[in-house]
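As structure tokens, the structure follows; a few thoughts come after it.
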Amino acid sequence: MLTDEYRYKILKVLEVNPEISQRDLARELGVSLGRINFCLKALIEVGLLKATNFRNSNNKLAYMYLLTPNGIKEKSLITERFLKIKLEEYANLETEINELRREAVQMKKSEASHP
């Protein structure tokens, strides 16, 4: 359930906005609140995140999610893996687009030669 993609996205958002609520994080990533809760607990359990209560918060359930040194290191590794996957997807998509363009040109030529 906690794929590299979600691990990357969660760590990226939390690095910039450690005070984001779970609800806002879920909304930003387009996933359920339950999934975010599960993912955050898993990241805390493996030592990539640390959750601390806000000291001056009126809301006793408000947390700040901080990347641990291991979390920062892991985010770097995940970023490299995620980038590699996205570049492969991009190359495959580019190949598919070029094939579709060639096919469209061939279809136009065929239509033009058969009035």
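Letters for chains follow the order of the structure tokens (A, B, ...), residue numbers begin at 1 for each chain, and ligand numbers begin at 1 in the order shown.
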
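Counting only C-alpha atoms, region 12-27 of chain A has the following residues at most 9 Å away, ignoring those fewer than 4 positions along the same chain: A:Arg7, A:Tyr8, A:Val31, A:Ser32, A:Leu33, A:Gly34, A:Arg35, A:Ile36, A:Asn37, A:Leu40, A:Phe54, A:Ala62, A:Tyr63, A:Met64, A:Tyr65, A:Leu66, A:Leu67, A:Ile72, A:Lys75.
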
Keeping N, CA, C and O atoms for every residue in the selection just given, could you write it to a file as a PDB file, in the first residue's frame?
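Generated output (part31.pdb):
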ATOM      1  N   ARG A   7       5.316   7.234  -0.979  1.00  0.00           N
ATOM      2  CA  ARG A   7       6.369   7.571  -0.018  1.00  0.00           C
ATOM      3  C   ARG A   7       7.049   8.869  -0.453  1.00  0.00           C
ATOM      4  O   ARG A   7       7.243   9.780   0.339  1.00  0.00           O
ATOM      5  N   TYR A   8       7.385   8.964  -1.744  1.00  0.00           N
ATOM      6  CA  TYR A   8       8.026  10.162  -2.291  1.00  0.00           C
ATOM      7  C   TYR A   8       7.121  11.384  -2.132  1.00  0.00           C
ATOM      8  O   TYR A   8       7.549  12.428  -1.645  1.00  0.00           O
ATOM      9  N   VAL A  31      -5.931  11.135  -2.124  1.00  0.00           N
ATOM     10  CA  VAL A  31      -6.152   9.805  -1.543  1.00  0.00           C
ATOM     11  C   VAL A  31      -7.019   9.956  -0.288  1.00  0.00           C
ATOM     12  O   VAL A  31      -7.256  11.059   0.188  1.00  0.00           O
ATOM     13  N   SER A  32      -7.458   8.833   0.242  1.00  0.00           N
ATOM     14  CA  SER A  32      -8.325   8.871   1.419  1.00  0.00           C
ATOM     15  C   SER A  32      -7.532   9.245   2.669  1.00  0.00           C
ATOM     16  O   SER A  32      -6.316   9.031   2.750  1.00  0.00           O
ATOM     17  N   LEU A  33      -8.252   9.775   3.640  1.00  0.00           N
ATOM     18  CA  LEU A  33      -7.656  10.117   4.927  1.00  0.00           C
ATOM     19  C   LEU A  33      -7.110   8.859   5.611  1.00  0.00           C
ATOM     20  O   LEU A  33      -6.027   8.879   6.194  1.00  0.00           O
ATOM     21  N   GLY A  34      -7.827   7.748   5.492  1.00  0.00           N
ATOM     22  CA  GLY A  34      -7.365   6.483   6.075  1.00  0.00           C
ATOM     23  C   GLY A  34      -6.047   6.029   5.480  1.00  0.00           C
ATOM     24  O   GLY A  34      -5.168   5.536   6.185  1.00  0.00           O
ATOM     25  N   ARG A  35      -5.902   6.208   4.174  1.00  0.00           N
ATOM     26  CA  ARG A  35      -4.648   5.819   3.512  1.00  0.00           C
ATOM     27  C   ARG A  35      -3.494   6.683   4.009  1.00  0.00           C
ATOM     28  O   ARG A  35      -2.397   6.186   4.267  1.00  0.00           O
ATOM     29  N   ILE A  36      -3.725   7.986   4.146  1.00  0.00           N
ATOM     30  CA  ILE A  36      -2.679   8.882   4.650  1.00  0.00           C
ATOM     31  C   ILE A  36      -2.304   8.494   6.068  1.00  0.00           C
ATOM     32  O   ILE A  36      -1.121   8.433   6.414  1.00  0.00           O
ATOM     33  N   ASN A  37      -3.300   8.221   6.896  1.00  0.00           N
ATOM     34  CA  ASN A  37      -3.031   7.834   8.275  1.00  0.00           C
ATOM     35  C   ASN A  37      -2.171   6.578   8.312  1.00  0.00           C
ATOM     36  O   ASN A  37      -1.185   6.498   9.046  1.00  0.00           O
ATOM     37  N   LEU A  40       1.441   7.458   7.054  1.00  0.00           N
ATOM     38  CA  LEU A  40       2.212   8.221   8.049  1.00  0.00           C
ATOM     39  C   LEU A  40       2.668   7.313   9.187  1.00  0.00           C
ATOM     40  O   LEU A  40       3.821   7.386   9.620  1.00  0.00           O
ATOM     41  N   PHE A  54       2.073  20.092  18.336  1.00  0.00           N
ATOM     42  CA  PHE A  54       2.346  21.531  18.361  1.00  0.00           C
ATOM     43  C   PHE A  54       2.341  21.975  19.810  1.00  0.00           C
ATOM     44  O   PHE A  54       1.444  21.655  20.575  1.00  0.00           O
ATOM     45  N   ALA A  62      -3.162  18.261  16.735  1.00  0.00           N
ATOM     46  CA  ALA A  62      -2.331  18.811  15.670  1.00  0.00           C
ATOM     47  C   ALA A  62      -0.896  18.309  15.833  1.00  0.00           C
ATOM     48  O   ALA A  62      -0.319  18.372  16.911  1.00  0.00           O
ATOM     49  N   TYR A  63      -0.344  17.814  14.736  1.00  0.00           N
ATOM     50  CA  TYR A  63       1.011  17.294  14.745  1.00  0.00           C
ATOM     51  C   TYR A  63       1.865  18.013  13.713  1.00  0.00           C
ATOM     52  O   TYR A  63       1.363  18.541  12.734  1.00  0.00           O
ATOM     53  N   MET A  64       3.151  17.979  13.964  1.00  0.00           N
ATOM     54  CA  MET A  64       4.129  18.426  12.985  1.00  0.00           C
ATOM     55  C   MET A  64       4.903  17.175  12.590  1.00  0.00           C
ATOM     56  O   MET A  64       5.363  16.417  13.448  1.00  0.00           O
ATOM     57  N   TYR A  65       5.010  16.947  11.290  1.00  0.00           N
ATOM     58  CA  TYR A  65       5.699  15.762  10.789  1.00  0.00           C
ATOM     59  C   TYR A  65       7.066  16.186  10.258  1.00  0.00           C
ATOM     60  O   TYR A  65       7.151  16.951   9.306  1.00  0.00           O
ATOM     61  N   LEU A  66       8.110  15.708  10.898  1.00  0.00           N
ATOM     62  CA  LEU A  66       9.467  16.082  10.531  1.00  0.00           C
ATOM     63  C   LEU A  66      10.210  14.891   9.954  1.00  0.00           C
ATOM     64  O   LEU A  66      10.134  13.787  10.503  1.00  0.00           O
ATOM     65  N   LEU A  67      10.911  15.125   8.863  1.00  0.00           N
ATOM     66  CA  LEU A  67      11.734  14.074   8.293  1.00  0.00           C
ATOM     67  C   LEU A  67      12.937  13.862   9.213  1.00  0.00           C
ATOM     68  O   LEU A  67      13.596  14.816   9.623  1.00  0.00           O
ATOM     69  N   ILE A  72      15.359  11.898   5.293  1.00  0.00           N
ATOM     70  CA  ILE A  72      15.960  12.762   4.265  1.00  0.00           C
ATOM     71  C   ILE A  72      16.769  11.912   3.286  1.00  0.00           C
ATOM     72  O   ILE A  72      16.677  12.074   2.073  1.00  0.00           O
ATOM     73  N   LYS A  75      14.365   9.842   1.203  1.00  0.00           N
ATOM     74  CA  LYS A  75      13.687  10.676   0.205  1.00  0.00           C
ATOM     75  C   LYS A  75      14.587  10.870  -1.009  1.00  0.00           C
ATOM     76  O   LYS A  75      14.133  10.825  -2.151  1.00  0.00           O
TER      77      LYS A  75
END

Hey, what does DSSP flag as alpha helix (DSSP H) within chain A? Can you give it to me as number ranges by chain? A: 4-16, 22-29, 33-45, 69-113

Nearby residues (only C-alpha atoms) at most 10 Å from Gly71 (chain A), same-chain spacing under 5 positions excluded, as a ChimeraX atom specification: /A:11,15,43-44,46-50,66,76-77

May I have all residues of chain A that DSSP, computed from the backbone, assigns to strand (DSSP E), given as a list in words? Leu49, Lys50, Ala51, Thr52, Asn53, Tyr63, Met64, Tyr65, Leu66 and Leu67 of chain A

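Going from CA of Leu83 (chain A) over to CA of Glu99 (chain A), you cover 24.2 Å.
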
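Going from CA of Asp4 (chain A) to CA of Phe82 (chain A) covers 7.0 Å.
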
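Take CA of Glu80 (chain A) and CA of Asn92 (chain A): the distance between them is 18.5 Å.
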